[in-house]
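Okay, structure first, notes after.
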Amino acid sequence: MKILISNDDGIAANGIRCLSEALSQEHDVYVIAPDRERSAAGHSLTLHTPIRVEEVEAYYNVKRAWVTTGTPGDCVKIGINAILSADEQPDLVISGINHGPNLGADILYSGTVSCAMEGAMLGVPSLAMSLASMKYEHEDFRFAAKFVTALLPKLSKFNFPKKSILNINVPALDEDDISGIAITELGRKMFTDSYEKRIDPRGKVYYWMAGELITEPVDANTDIAAVRNNKISITPVTYEMTNENTMSDLEKVICNENLCNWF
């Protein structure tokens, strides 16, 4: 299988290196990643400045690797449309392994998830992989990399729906402490929205995000609850954002009695 790997932590991050090391033992792996940390970049693209792309020495058994000045979304978009040859086009896009979880509504801000979404938008089955920990050492990512390596043969039997990705979060535990896998829905937000007002040494006001962790019922079928219960969470996520259930109600209000030209 040909796999394109990217991330939002930058090409030097241990998560992407550990994932590349594991998958390149059995697959043709290509890496295109930002030159620096781009966490919480969301699904942003570079429009008004040039995107610099430089091929770098491929580590482990990776076929080829590039670093860009672009966003995570740029990396996948330019990789598939401009950098990879016809013979190198990916069968799968994997974004990660991210440093830290991507759970609940927080995925709207996630560069990791958006990177995978870009793959799905280009018609390529895509995964977003995250380790629910802020530890950064190479060894911390080994089980998550081992898990996705074992997962890929099972996904060969899965018909990826259009406009969708799988968002995977792995608890930061030893393998023996993982209690299973849960197919979940997205939870609510991880943290409350609150900002702490502070004064710097020069008397200027600034704000620091200081939200508190939100609790969910332990038996909820959400990604947040699953990870807290020491389970690997796999959530199908779609970028199809039309709320079809409300269209008819809205039409009755806006176009009452089929009169849609009342303005």
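We name chains A, B, ... following the order of the structure tokens; residues begin at 1 in each chain, and ligands are numbered from 1 as shown.
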List the neighbours of Ile178 in chain A out to 10 Å using only C-alpha atoms; skip same-chain residues closer than 5 positions along the sequence, and give me the result as a short mmCIF file (atom, residue, chain, number, x, y, z; two decimals) with C-alpha atoms, in the first residue's frame.
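File written: selection21.cif
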```
data_model
loop_
_atom_site.label_atom_id
_atom_site.label_comp_id
_atom_site.auth_asym_id
_atom_site.auth_seq_id
_atom_site.Cartn_x
_atom_site.Cartn_y
_atom_site.Cartn_z
CA VAL A 170 -5.08 6.23 21.75
CA PRO A 171 -4.79 6.52 25.56
CA ALA A 172 -1.29 7.20 26.83
CA LEU A 173 -0.96 3.83 28.56
CA VAL A 227 -10.31 7.42 26.27
CA ASN A 229 -12.08 4.44 30.21
CA ASN A 230 -8.68 3.42 28.79
CA LYS A 231 -10.09 2.48 25.37
CA ILE A 232 -8.88 3.37 21.90
#
```
Item to complete: List every residue of range 95-138 of chain A that DSSP, applied to the backbone, labels as helix (DSSP H, G or I), and write the result as an MDAnalysis selection string.
Response: chainID A and resid 104:108 111:121 138
Saved selection, atoms kept: C-alpha atoms, as a PDB file, in the first residue's frame:
```pdb
ATOM      1  CA  GLY A 104     -15.070  16.053  20.825  1.00  0.00           C
ATOM      2  CA  ALA A 105     -15.743  19.453  19.301  1.00  0.00           C
ATOM      3  CA  ASP A 106     -12.053  20.330  19.635  1.00  0.00           C
ATOM      4  CA  ILE A 107     -11.475  18.582  16.301  1.00  0.00           C
ATOM      5  CA  LEU A 108     -12.838  21.750  14.649  1.00  0.00           C
ATOM      6  CA  GLY A 111      -4.617  20.684  12.300  1.00  0.00           C
ATOM      7  CA  THR A 112      -4.243  16.917  12.618  1.00  0.00           C
ATOM      8  CA  VAL A 113      -7.895  16.228  11.796  1.00  0.00           C
ATOM      9  CA  SER A 114      -7.991  18.873   9.075  1.00  0.00           C
ATOM     10  CA  CYS A 115      -4.931  17.334   7.466  1.00  0.00           C
ATOM     11  CA  ALA A 116      -6.812  14.021   7.178  1.00  0.00           C
ATOM     12  CA  MET A 117      -9.954  15.842   6.026  1.00  0.00           C
ATOM     13  CA  GLU A 118      -8.007  17.297   3.125  1.00  0.00           C
ATOM     14  CA  GLY A 119      -7.160  13.770   2.049  1.00  0.00           C
ATOM     15  CA  ALA A 120     -10.842  12.816   2.198  1.00  0.00           C
ATOM     16  CA  MET A 121     -11.783  15.916   0.194  1.00  0.00           C
ATOM     17  CA  HIS A 138       9.798   8.559  20.535  1.00  0.00           C
TER      18      HIS A 138
END
```
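Distances from A:Thr222, A:Asn7, A:Asn14, A:Asn261 to Asp74 in chain A were compared using only C-alpha atoms, and the smallest one belongs to A:Asn7.
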Fill in: Which residue of A:Pro153, A:Gly187, A:Gly10, A:Gly180 approaches Val237 in chain A most closely, using only C-alpha atoms
A:Gly187
Item to complete: Kindly indicate which residue among A:Met1, A:Leu259, A:Val253, A:Ala65 lies nearest to Ile83 in chain A, using only C-alpha atoms for the distances.
Response: A:Ala65
